[in-house]
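Asker: Input run25.txt, format and content: compact mmCIF, C-alpha atoms and all ligand atoms.
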# COMPACT_ATOMS: atom_id res chain seq x y z
CA ILE N 101 21.57 -1.80 31.68
CA VAL N 102 21.66 -2.95 35.25
CA GLY N 103 18.97 -2.02 37.75
CA GLY N 104 15.25 -1.27 37.62
CA GLU N 105 13.36 1.65 36.20
CA GLU N 106 14.37 3.87 39.10
CA ASP N 107 18.09 3.31 38.59
CA ASP N 108 17.53 3.83 34.94
CA GLU N 109 15.91 7.18 35.54
CA GLU N 110 18.69 8.27 37.83
CA ALA N 111 21.33 7.23 35.34
CA ILE N 112 19.51 9.09 32.58
CA ASP N 113 19.30 12.22 34.73
CA GLU N 114 23.02 11.99 35.36
CA LEU N 115 23.76 11.55 31.71
CA ILE N 116 21.61 14.55 30.81
CA ALA N 117 23.27 16.67 33.47
CA SER N 118 26.66 15.88 31.95
CA LEU N 119 25.75 17.12 28.44
CA PRO N 120 26.47 20.60 27.04
CA GLN N 121 23.30 22.64 27.18
CA ARG N 122 22.05 25.82 25.54
CA LYS N 123 18.93 27.93 25.74
CA GLY N 124 16.73 27.08 22.78
CA VAL N 125 13.68 28.68 21.24
CA VAL N 126 10.22 28.11 22.76
CA ARG N 127 11.35 24.81 24.25
CA PRO N 128 13.63 26.26 26.88
CA PHE N 129 16.74 24.06 26.71
CA GLN N 130 18.58 21.92 24.23
CA SER N 131 21.32 19.41 24.96
CA LEU N 132 24.08 18.29 22.66
CA TYR N 133 23.52 14.54 22.63
CA GLN N 134 25.37 12.26 20.21
CA ASN N 135 26.28 15.30 18.09
CA PHE N 136 22.78 16.67 17.63
CA TRP N 137 20.87 19.35 19.49
CA CYS N 138 18.03 17.59 21.25
CA PRO N 139 15.35 19.46 23.18
CA THR N 140 16.38 18.47 26.70
CA TYR N 141 12.89 17.50 27.77
CA LEU N 142 12.81 14.92 24.95
CA LEU N 143 16.05 13.22 25.88
CA PRO N 144 14.58 10.57 28.20
CA ASN N 145 12.18 9.66 25.39
CA VAL N 146 14.95 9.48 22.80
CA ILE N 147 16.95 7.28 25.13
CA GLY N 148 13.90 5.12 25.86
CA PHE N 149 13.42 4.64 22.13
CA GLN N 150 17.08 3.82 21.59
CA ARG N 151 17.10 1.26 24.35
CA HIS N 152 13.75 -0.38 24.11
CA PHE N 153 12.34 -0.11 20.61
CA GLN N 154 11.95 -3.50 18.93
CA ALA N 155 11.82 -3.09 15.18
CA LYS N 156 9.82 -5.45 13.01
CA HIS N 157 10.82 -6.11 9.43
CA LYS N 158 7.62 -4.67 8.08
CA ASP N 159 7.88 -1.39 10.01
CA ILE N 160 8.00 1.88 8.11
CA LEU N 161 9.71 4.87 9.72
CA LEU N 162 9.00 8.35 8.40
CA VAL N 163 11.84 10.70 9.17
CA SER N 164 12.36 14.41 8.72
CA GLN N 165 13.58 17.57 10.31
CA PRO N 166 10.89 19.85 11.65
CA LYS N 167 9.08 21.84 8.96
CA SER N 168 10.21 19.74 6.04
CA GLY N 169 6.84 18.26 5.09
CA THR N 170 6.48 15.67 7.85
CA THR N 171 2.72 16.08 8.18
CA TRP N 172 2.21 15.73 4.45
CA LEU N 173 4.42 12.64 4.27
CA LYS N 174 2.49 11.05 7.12
CA ALA N 175 -0.83 11.58 5.37
CA LEU N 176 0.53 10.26 2.06
CA VAL N 177 2.25 7.14 3.38
CA PHE N 178 -0.66 6.32 5.68
CA SER N 179 -2.97 6.49 2.65
CA VAL N 180 -0.72 4.40 0.43
CA VAL N 181 -0.20 1.69 3.02
CA ASN N 182 -3.82 1.50 4.14
CA ARG N 183 -5.56 1.91 0.80
CA SER N 184 -6.98 -1.59 0.81
CA ARG N 185 -8.45 -1.09 4.29
CA PHE N 186 -9.97 2.33 3.80
CA ASP N 187 -11.29 4.06 0.74
CA ILE N 188 -11.28 7.79 0.33
CA PHE N 189 -14.66 8.15 2.08
CA SER N 190 -13.72 6.19 5.17
CA THR N 191 -10.10 7.17 5.62
CA PRO N 192 -9.15 7.96 9.22
CA LEU N 193 -7.55 11.13 7.85
CA LEU N 194 -11.06 12.58 7.88
CA THR N 195 -11.24 12.27 11.64
CA SER N 196 -7.65 12.20 12.89
CA HIS N 197 -4.70 14.54 12.51
CA PRO N 198 -1.81 12.95 10.56
CA HIS N 199 0.43 13.21 13.64
CA HIS N 200 -2.08 11.11 15.48
CA LEU N 201 -2.13 8.41 12.82
CA VAL N 202 1.65 8.18 12.53
CA PRO N 203 3.02 9.01 15.98
CA PHE N 204 6.49 10.30 16.78
CA PHE N 205 8.72 8.10 18.91
CA GLU N 206 10.15 11.01 20.85
CA PHE N 207 7.12 13.27 21.28
CA GLN N 208 4.40 10.71 21.68
CA LEU N 209 5.19 7.00 22.03
CA TYR N 210 8.09 7.20 24.46
CA GLY N 211 6.71 10.33 26.11
CA SER N 212 4.90 8.88 29.07
CA ASN N 213 6.29 5.38 29.17
CA PRO N 214 9.85 4.24 28.48
CA ARG N 215 8.51 0.88 27.32
CA PRO N 216 5.22 1.44 25.49
CA ASP N 217 3.53 -1.70 24.19
CA LEU N 218 3.73 -1.35 20.43
CA ASP N 219 3.34 -5.02 19.60
CA GLY N 220 -0.38 -4.93 19.04
CA LEU N 221 -0.34 -2.19 16.41
CA ALA N 222 -1.61 -3.07 12.94
CA GLU N 223 1.13 -4.06 10.51
CA PRO N 224 2.90 -2.59 8.77
CA ARG N 225 3.42 -0.28 11.73
CA LEU N 226 4.01 3.35 10.84
CA PHE N 227 6.18 5.49 13.09
CA SER N 228 7.93 8.77 12.75
CA THR N 229 10.88 10.61 14.19
CA HIS N 230 13.13 13.63 13.84
CA ILE N 231 16.13 11.74 15.27
CA PRO N 232 19.27 11.71 13.06
CA TYR N 233 20.24 8.44 11.39
CA ALA N 234 23.27 7.83 13.59
CA SER N 235 21.11 8.00 16.72
CA LEU N 236 18.28 5.72 15.64
CA ALA N 237 17.74 2.62 17.73
CA GLU N 238 20.28 0.06 16.47
CA CYS N 239 17.56 -2.44 15.61
CA ALA N 240 15.90 0.12 13.33
CA LYS N 241 19.14 0.34 11.38
CA GLN N 242 19.88 -3.39 11.36
CA SER N 243 16.44 -4.80 10.64
CA ASP N 244 14.75 -4.80 7.26
CA CYS N 245 12.33 -2.07 8.32
CA ARG N 246 12.13 0.75 5.83
CA ILE N 247 12.87 4.42 6.27
CA ILE N 248 11.34 7.19 4.22
CA TYR N 249 13.09 10.51 4.68
CA ILE N 250 11.73 13.83 3.52
CA CYS N 251 13.83 16.94 3.29
CA ARG N 252 13.17 20.44 2.08
CA ASN N 253 15.18 23.37 0.82
CA PRO N 254 16.68 24.90 3.99
CA LEU N 255 15.77 28.38 2.74
CA ASP N 256 12.10 27.43 3.00
CA THR N 257 12.51 25.34 6.13
CA VAL N 258 14.02 28.18 8.11
CA VAL N 259 11.13 30.47 7.17
CA SER N 260 8.55 27.79 7.91
CA SER N 261 10.09 27.02 11.30
CA TRP N 262 10.14 30.69 12.23
CA HIS N 263 6.40 30.96 11.54
CA PHE N 264 5.71 27.77 13.47
CA TYR N 265 7.69 28.72 16.57
CA LEU N 266 6.27 32.22 16.49
CA GLU N 267 2.78 30.83 16.63
CA MET N 268 3.74 28.39 19.35
CA ALA N 269 5.31 31.17 21.40
CA ARG N 270 2.18 33.28 21.04
CA SER N 271 -0.09 30.46 22.14
CA GLN N 272 2.12 29.87 25.19
CA ASP N 273 2.45 33.55 26.07
CA GLN N 274 6.19 33.37 25.54
CA PRO N 275 8.23 36.25 24.20
CA GLU N 276 8.40 36.45 20.42
CA TRP N 277 11.68 36.49 18.56
CA SER N 278 12.75 37.66 15.18
CA LEU N 279 13.38 35.84 11.96
CA GLU N 280 16.99 37.03 12.32
CA GLU N 281 17.36 35.11 15.58
CA GLN N 282 15.81 31.99 14.11
CA PHE N 283 18.02 32.33 11.04
CA GLU N 284 21.16 32.69 13.10
CA THR N 285 20.34 29.62 15.18
CA TYR N 286 19.61 27.65 12.03
CA CYS N 287 22.85 28.65 10.32
CA GLN N 288 24.81 27.72 13.42
CA GLY N 289 23.29 24.26 13.25
CA LYS N 290 21.59 24.73 16.59
CA THR N 291 17.95 24.19 15.75
CA SER N 292 16.30 21.10 17.20
CA PHE N 293 17.76 17.85 15.84
CA GLY N 294 20.35 19.84 13.93
CA PRO N 295 22.78 20.72 12.53
CA PHE N 296 20.40 20.51 9.60
CA TRP N 297 23.15 19.59 7.13
CA GLU N 298 24.30 16.61 9.17
CA HIS N 299 20.75 15.36 9.49
CA MET N 300 20.19 15.50 5.74
CA VAL N 301 23.58 14.15 4.75
CA GLY N 302 23.24 11.27 7.24
CA TYR N 303 20.08 9.96 5.62
CA TRP N 304 21.23 10.93 2.11
CA LYS N 305 24.37 8.80 2.37
CA GLU N 306 22.42 5.89 3.75
CA SER N 307 19.90 6.15 0.89
CA LEU N 308 22.75 5.94 -1.61
CA GLU N 309 24.37 3.00 0.12
CA ARG N 310 21.19 1.11 0.92
CA PRO N 311 18.48 2.29 -1.49
CA HIS N 312 16.18 -0.58 -0.52
CA LYS N 313 16.41 0.60 3.11
CA VAL N 314 16.17 4.39 2.88
CA LEU N 315 14.07 6.31 0.39
CA PHE N 316 15.13 9.95 0.22
CA LEU N 317 12.38 12.34 -0.86
CA LYS N 318 12.32 16.09 -1.39
CA TYR N 319 9.36 18.32 -0.58
CA GLU N 320 9.94 20.16 -3.84
CA ASP N 321 9.68 16.93 -5.89
CA LEU N 322 6.42 16.08 -4.18
CA LYS N 323 5.06 19.50 -5.10
CA GLU N 324 6.17 19.09 -8.70
CA ASP N 325 5.10 15.53 -9.40
CA ILE N 326 3.00 14.02 -6.66
CA VAL N 327 1.83 11.11 -8.81
CA GLY N 328 5.37 10.07 -9.72
CA GLN N 329 6.52 10.39 -6.12
CA LEU N 330 3.55 8.40 -4.79
CA LYS N 331 4.38 5.59 -7.19
CA LYS N 332 7.93 5.65 -5.90
CA VAL N 333 6.72 5.43 -2.29
CA ALA N 334 4.27 2.61 -3.05
CA GLY N 335 6.97 0.60 -4.83
CA PHE N 336 9.43 1.23 -2.02
CA VAL N 337 7.10 -0.13 0.66
CA GLY N 338 6.32 -3.16 -1.48
CA LEU N 339 2.79 -2.13 -2.36
CA PRO N 340 3.03 -0.84 -5.94
CA PHE N 341 -0.13 0.53 -7.51
CA THR N 342 -1.79 -1.95 -9.84
CA GLU N 343 -2.84 -1.02 -13.36
CA VAL N 344 -6.46 -1.16 -12.25
CA GLU N 345 -5.69 1.28 -9.42
CA GLU N 346 -3.82 3.60 -11.73
CA GLU N 347 -6.61 3.59 -14.28
CA GLY N 348 -9.17 4.05 -11.53
CA GLY N 349 -7.45 7.25 -10.39
CA VAL N 350 -6.47 5.94 -6.95
CA ILE N 351 -3.18 7.85 -6.97
CA GLN N 352 -4.88 11.13 -7.78
CA GLN N 353 -7.46 10.49 -5.06
CA ILE N 354 -4.73 10.01 -2.47
CA ALA N 355 -2.93 13.13 -3.67
CA LYS N 356 -6.13 15.15 -3.40
CA MET N 357 -7.06 13.79 0.02
CA CYS N 358 -3.59 14.67 1.32
CA SER N 359 -3.35 18.08 -0.32
CA LEU N 360 -2.75 21.05 1.91
CA LYS N 361 -6.14 22.48 1.04
CA THR N 362 -8.10 19.34 1.88
CA LEU N 363 -6.26 18.65 5.13
CA LYS N 364 -6.30 22.27 6.25
CA ASP N 365 -10.06 22.53 5.75
CA LEU N 366 -10.93 19.40 7.69
CA GLU N 367 -12.63 20.18 10.97
CA VAL N 368 -10.32 17.79 12.83
CA ASN N 369 -7.26 19.76 11.76
CA LYS N 370 -8.69 23.24 12.28
CA SER N 371 -8.91 23.61 16.00
CA GLY N 372 -7.65 22.18 19.23
CA GLU N 373 -4.31 20.83 20.25
CA LEU N 374 -2.67 17.55 19.45
CA PRO N 375 -3.72 15.40 22.40
CA ALA N 376 -0.82 13.00 22.57
CA MET N 377 2.02 15.50 22.14
CA ILE N 378 4.05 16.52 25.14
CA MET N 379 4.06 20.19 24.20
CA LYS N 380 0.93 22.17 23.54
CA VAL N 381 0.75 22.54 19.78
CA GLU N 382 -2.27 23.79 17.86
CA LYS N 383 -3.32 21.29 15.21
CA ARG N 384 -3.79 23.96 12.61
CA SER N 385 -0.24 25.27 12.94
CA TYR N 386 1.03 22.34 10.87
CA PHE N 387 -0.78 23.69 7.81
CA ARG N 388 0.31 27.09 6.55
CA LYS N 389 1.16 28.05 2.98
CA GLY N 390 2.91 24.99 1.63
CA GLU N 391 4.75 26.76 -1.15
CA VAL N 392 8.14 26.26 -2.69
CA GLY N 393 10.22 29.43 -2.60
CA ASP N 394 8.30 31.39 0.06
CA TRP N 395 11.74 32.42 1.34
CA VAL N 396 11.86 35.21 -1.28
CA ASN N 397 9.21 36.99 0.77
CA HIS N 398 11.23 36.87 3.98
CA LEU N 399 14.98 36.48 3.59
CA THR N 400 17.32 39.33 2.66
CA PRO N 401 19.90 38.80 -0.12
CA SER N 402 22.67 38.53 2.47
CA MET N 403 20.74 35.85 4.39
CA VAL N 404 20.24 33.92 1.16
CA ASP N 405 23.96 34.18 0.37
CA ARG N 406 24.95 32.98 3.80
CA LEU N 407 22.65 29.98 3.93
CA SER N 408 23.40 29.06 0.31
CA SER N 409 27.10 29.01 1.01
CA ILE N 410 26.56 26.74 4.05
CA MET N 411 24.54 24.39 1.85
CA LYS N 412 27.25 24.47 -0.80
CA GLU N 413 29.97 23.75 1.69
CA LYS N 414 28.23 21.12 3.79
CA MET N 415 25.90 19.33 1.40
CA SER N 416 26.96 19.81 -2.24
CA PRO N 417 30.14 17.73 -1.84
CA PHE N 418 27.86 14.76 -1.21
CA GLY N 419 25.76 15.51 -4.28
CA LEU N 420 22.89 16.90 -2.24
CA GLN N 421 21.49 20.04 -3.83
CA PHE N 422 18.32 22.11 -4.02
P1 LIG N 501 5.00 26.28 5.30
O1 LIG N 501 5.25 26.81 6.66
O2 LIG N 501 6.06 26.68 4.32
O3 LIG N 501 3.65 26.54 4.79
P2 LIG N 501 6.03 19.80 8.96
O4 LIG N 501 4.87 18.98 8.56
O5 LIG N 501 7.35 19.06 8.79
O6 LIG N 501 5.85 20.42 10.27
O7 LIG N 501 6.16 20.96 7.88
C1 LIG N 501 5.19 21.98 7.82
C2 LIG N 501 5.25 22.60 6.44
O8 LIG N 501 4.62 21.72 5.50
C3 LIG N 501 4.48 23.91 6.39
O9 LIG N 501 5.11 24.67 5.38
C4 LIG N 501 3.10 23.41 5.97
O10 LIG N 501 2.28 24.40 5.42
C5 LIG N 501 3.49 22.36 4.94
N1 LIG N 501 2.43 21.37 4.72
C6 LIG N 501 1.64 20.79 5.65
N2 LIG N 501 0.77 19.95 5.07
C7 LIG N 501 1.02 19.99 3.75
C8 LIG N 501 0.42 19.36 2.60
N3 LIG N 501 -0.58 18.53 2.75
N4 LIG N 501 0.92 19.66 1.39
C9 LIG N 501 1.95 20.50 1.24
N5 LIG N 501 2.54 21.16 2.27
C10 LIG N 501 2.08 20.90 3.51
Could you quickly redo this structure as structure tokens?

Answerer:
Amino acid sequence: IVGGEEDDEEAIDELIASLPQRKGVVRPFQSLYQNFWCPTYLLPNVIGFQRHFQAKHKDILLVSQPKSGTTWLKALVFSVVNRSRFDIFSTPLLTSHPHHLVPFFEFQLYGSNPRPDLDGLAEPRLFSTHIPYASLAECAKQSDCRIIYICRNPLDTVVSSWHFYLEMARSQDQPEWSLEEQFETYCQGKTSFGPFWEHMVGYWKESLERPHKVLFLKYEDLKEDIVGQLKKVAGFVGLPFTEVEEEGGVIQQIAKMCSLKTLKDLEVNKSGELPAMIMKVEKRSYFRKGEVGDWVNHLTPSMVDRLSSIMKEKMSPFGLQF
């Protein structure tokens, strides 16, 4: 890229102006950038990340689509990776929101500065993003850094995202919208970072081709067997639990510390907004019900049929099922 920061900014503005745009939910506009719907206000940050991020081999990237269990994954991986530094009584999770401990590239790190200084962060560095695989910074794909992806049954994700955006709209005095509208947007693949099927399939394929590089997790599996999944995560990041740890109940302690109930009841997660996020988001809105199958309480049979057939068409051929 030729030119200084100013030229850069101008060029980025021009690029953004040239992209197809649509009116999104809560966040006013989305742009179709590299085949995914990116909230327009995040685009400079996404581009900053793509251009300037320098991956280190030990880095761990936690990736998801919104409302797939990102917050939970952050708490879990943070605990696994830092278990020799902090025990359960001194864990920073007691005083910091998981999104604070594992920041997003696009919402936080590249939000105010296109070239944040990330060199001094403790290693292994933990980052997160909602950006699709194809649009990750090249060095994140090429280096040995590891990616842990979490996905969730779209039937539950669409319901969870509707609740989340509804709450956000209320707190920002924006007009509310119906589950039907959210559902329609979701099915059309126009929710943020979507289409959802491409996002999932992108990371899914990569996890099959390079299992040492991408670990593909499902929210539902974490709910069913947290101990087994935590062992998988620990092995994947090269820090397997020792026999002594297993016998001492370390895995169960981490699972309990990161449970919805524990995190939701912590003072730090109950009130206030996330300080480093660009948008105003209440900390507590990341913790709701945390159940598998809550969609039965919200979606009509025809909605279920429609979304199920999209999943069957777009994801089943790749062996990705819920
Ligand atoms: P529900 O809305 O279905 O309750 P994200 O973290 O990607 O924003 O996803 C939020 C969803 O994960 C919400 O789902 C939220 O309740 C759930 N969640 C948050 N923390 C969790 C935890 N510790 N255990 C299980 N689910 C959790």

Asker: Kindly work out which residues sit at most 8 Å from ligand LIG 501 (chain N), using all atoms listed in the file, and give the list as JSON, numbers by chain.

Answerer: {"N": [164, 165, 166, 167, 168, 169, 170, 171, 172, 173, 175, 256, 257, 259, 260, 261, 263, 264, 319, 323, 358, 359, 360, 361, 362, 363, 364, 385, 386, 387, 388, 389, 390, 391, 392, 394]}

Asker: Enter the distance from atom CA of N:Phe186 to atom CA of N:Glu206, in Å, rounded to one decimal.

Answerer: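 About the pair atom CA of N:Phe186 and atom CA of N:Glu206: they are 27.8 Å apart.
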
Asker: One decimal, in Å: what's the spacing between atom CA of N:Gly328 and atom CA of N:Trp297?

Answerer: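 Pair atom CA of N:Gly328 / atom CA of N:Trp297 returns 26.3 Å.
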
Asker: Name the closest residue to N:Cys239 among the candidates N:Arg215, N:Arg225, N:Arg151, N:His398; distances are taken between atoms, counting all atoms listed in the file.

Answerer: N:Arg151

Asker: Could you name the residues that touch N:Lys380 at 12 Å or less, counting only C-alpha atoms, but leaving out those on the same chain fewer than 6 positions away, as a short mmCIF file (atom, residue, chain, number, x, y, z; two decimals) with C-alpha atoms, in the frame of the given file?

Answerer:
data_model
loop_
_atom_site.label_atom_id
_atom_site.label_comp_id
_atom_site.auth_asym_id
_atom_site.auth_seq_id
_atom_site.Cartn_x
_atom_site.Cartn_y
_atom_site.Cartn_z
CA VAL N 126 10.22 28.11 22.76
CA ARG N 127 11.35 24.81 24.25
CA PHE N 207 7.12 13.27 21.28
CA TYR N 265 7.69 28.72 16.57
CA GLU N 267 2.78 30.83 16.63
CA MET N 268 3.74 28.39 19.35
CA ALA N 269 5.31 31.17 21.40
CA ARG N 270 2.18 33.28 21.04
CA SER N 271 -0.09 30.46 22.14
CA GLN N 272 2.12 29.87 25.19
CA ASP N 273 2.45 33.55 26.07
CA GLY N 372 -7.65 22.18 19.23
CA GLU N 373 -4.31 20.83 20.25
CA LEU N 374 -2.67 17.55 19.45
#

Asker: Considering all atoms listed in the file, state which residue in the set N:Gln208, N:Gln154, N:Ser307, N:Gln421 is at the smallest distance from N:Arg246.

Answerer: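 Ranked by minimum distance to N:Arg246, first place goes to N:Ser307.
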
Asker: What lies within 8 Å of N:Ser243 using all atoms listed in the file, ignoring chain neighbours under 5 positions off, as a tab-separated table (two decimals) with C-alpha atoms, in the frame of the given file?

Answerer:
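File written: around-v5.tsv
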chain	number	residue	atom	x	y	z
N	155	ALA	CA	11.82	-3.09	15.18
N	156	LYS	CA	9.82	-5.45	13.01
N	157	HIS	CA	10.82	-6.11	9.43

Asker: Using all atoms listed in the file, which residue out of N:Leu317, N:Val146, N:Val180, N:Val327 lies closest to N:Leu209?

Answerer: N:Val146

Asker: Considering all atoms listed in the file, return as a compact mmCIF listing (two decimals) with C-alpha atoms, in the frame of the given file whatever protein or nucleic-acid residues lie within 12 Å of stretch 216-221 of chain N, sequence-local ones (same chain, fewer than 2 positions apart) excluded.

Answerer:
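Output file selection-v9.txt is given in full below:
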# COMPACT_ATOMS: atom_id res chain seq x y z
CA ASN N 145 12.18 9.66 25.39
CA GLY N 148 13.90 5.12 25.86
CA PHE N 149 13.42 4.64 22.13
CA ARG N 151 17.10 1.26 24.35
CA HIS N 152 13.75 -0.38 24.11
CA PHE N 153 12.34 -0.11 20.61
CA GLN N 154 11.95 -3.50 18.93
CA ALA N 155 11.82 -3.09 15.18
CA LYS N 156 9.82 -5.45 13.01
CA LYS N 158 7.62 -4.67 8.08
CA ASP N 159 7.88 -1.39 10.01
CA LEU N 201 -2.13 8.41 12.82
CA VAL N 202 1.65 8.18 12.53
CA PRO N 203 3.02 9.01 15.98
CA PHE N 205 8.72 8.10 18.91
CA GLU N 206 10.15 11.01 20.85
CA GLN N 208 4.40 10.71 21.68
CA LEU N 209 5.19 7.00 22.03
CA TYR N 210 8.09 7.20 24.46
CA GLY N 211 6.71 10.33 26.11
CA SER N 212 4.90 8.88 29.07
CA ASN N 213 6.29 5.38 29.17
CA PRO N 214 9.85 4.24 28.48
CA GLU N 223 1.13 -4.06 10.51
CA PRO N 224 2.90 -2.59 8.77
CA ARG N 225 3.42 -0.28 11.73
CA LEU N 226 4.01 3.35 10.84
CA PHE N 227 6.18 5.49 13.09

Asker: What does the distance from atom CA of N:Gln329 to atom CA of N:Asp187 come to in Å, to one decimal?

Answerer: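 Interatomic distance, atom CA of N:Gln329 to atom CA of N:Asp187: 20.1 Å.
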
Asker: Between N:Trp262, N:Phe296, N:Tyr303, N:Phe178, which is the closest to N:Gln282 once you count all atoms listed in the file?

Answerer: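 Answer, going by the shortest atom-to-atom distance: N:Trp262.
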
Asker: Ranking N:Gly294, N:Val163, N:Tyr233, N:Leu266 by minimum distance to N:Glu281 and counting all atoms listed in the file, which one comes first?

Answerer: N:Leu266

Asker: Given the point (-7.5, 8.4, -1.5) in the file's coordinates, find the residues that have an atom at most 12 Å from it, counting all atoms listed in the file, and give them as a ChimeraX atom specification.

Answerer: /N:175-194,330,345-346,348-359,362

Asker: Please write the residues from the selection above to a file, keeping C-alpha atoms, as a compact mmCIF listing (two decimals), in the frame of the given file.

Answerer:
# COMPACT_ATOMS: atom_id res chain seq x y z
CA ALA N 175 -0.83 11.58 5.37
CA LEU N 176 0.53 10.26 2.06
CA VAL N 177 2.25 7.14 3.38
CA PHE N 178 -0.66 6.32 5.68
CA SER N 179 -2.97 6.49 2.65
CA VAL N 180 -0.72 4.40 0.43
CA VAL N 181 -0.20 1.69 3.02
CA ASN N 182 -3.82 1.50 4.14
CA ARG N 183 -5.56 1.91 0.80
CA SER N 184 -6.98 -1.59 0.81
CA ARG N 185 -8.45 -1.09 4.29
CA PHE N 186 -9.97 2.33 3.80
CA ASP N 187 -11.29 4.06 0.74
CA ILE N 188 -11.28 7.79 0.33
CA PHE N 189 -14.66 8.15 2.08
CA SER N 190 -13.72 6.19 5.17
CA THR N 191 -10.10 7.17 5.62
CA PRO N 192 -9.15 7.96 9.22
CA LEU N 193 -7.55 11.13 7.85
CA LEU N 194 -11.06 12.58 7.88
CA LEU N 330 3.55 8.40 -4.79
CA GLU N 345 -5.69 1.28 -9.42
CA GLU N 346 -3.82 3.60 -11.73
CA GLY N 348 -9.17 4.05 -11.53
CA GLY N 349 -7.45 7.25 -10.39
CA VAL N 350 -6.47 5.94 -6.95
CA ILE N 351 -3.18 7.85 -6.97
CA GLN N 352 -4.88 11.13 -7.78
CA GLN N 353 -7.46 10.49 -5.06
CA ILE N 354 -4.73 10.01 -2.47
CA ALA N 355 -2.93 13.13 -3.67
CA LYS N 356 -6.13 15.15 -3.40
CA MET N 357 -7.06 13.79 0.02
CA CYS N 358 -3.59 14.67 1.32
CA SER N 359 -3.35 18.08 -0.32
CA THR N 362 -8.10 19.34 1.88
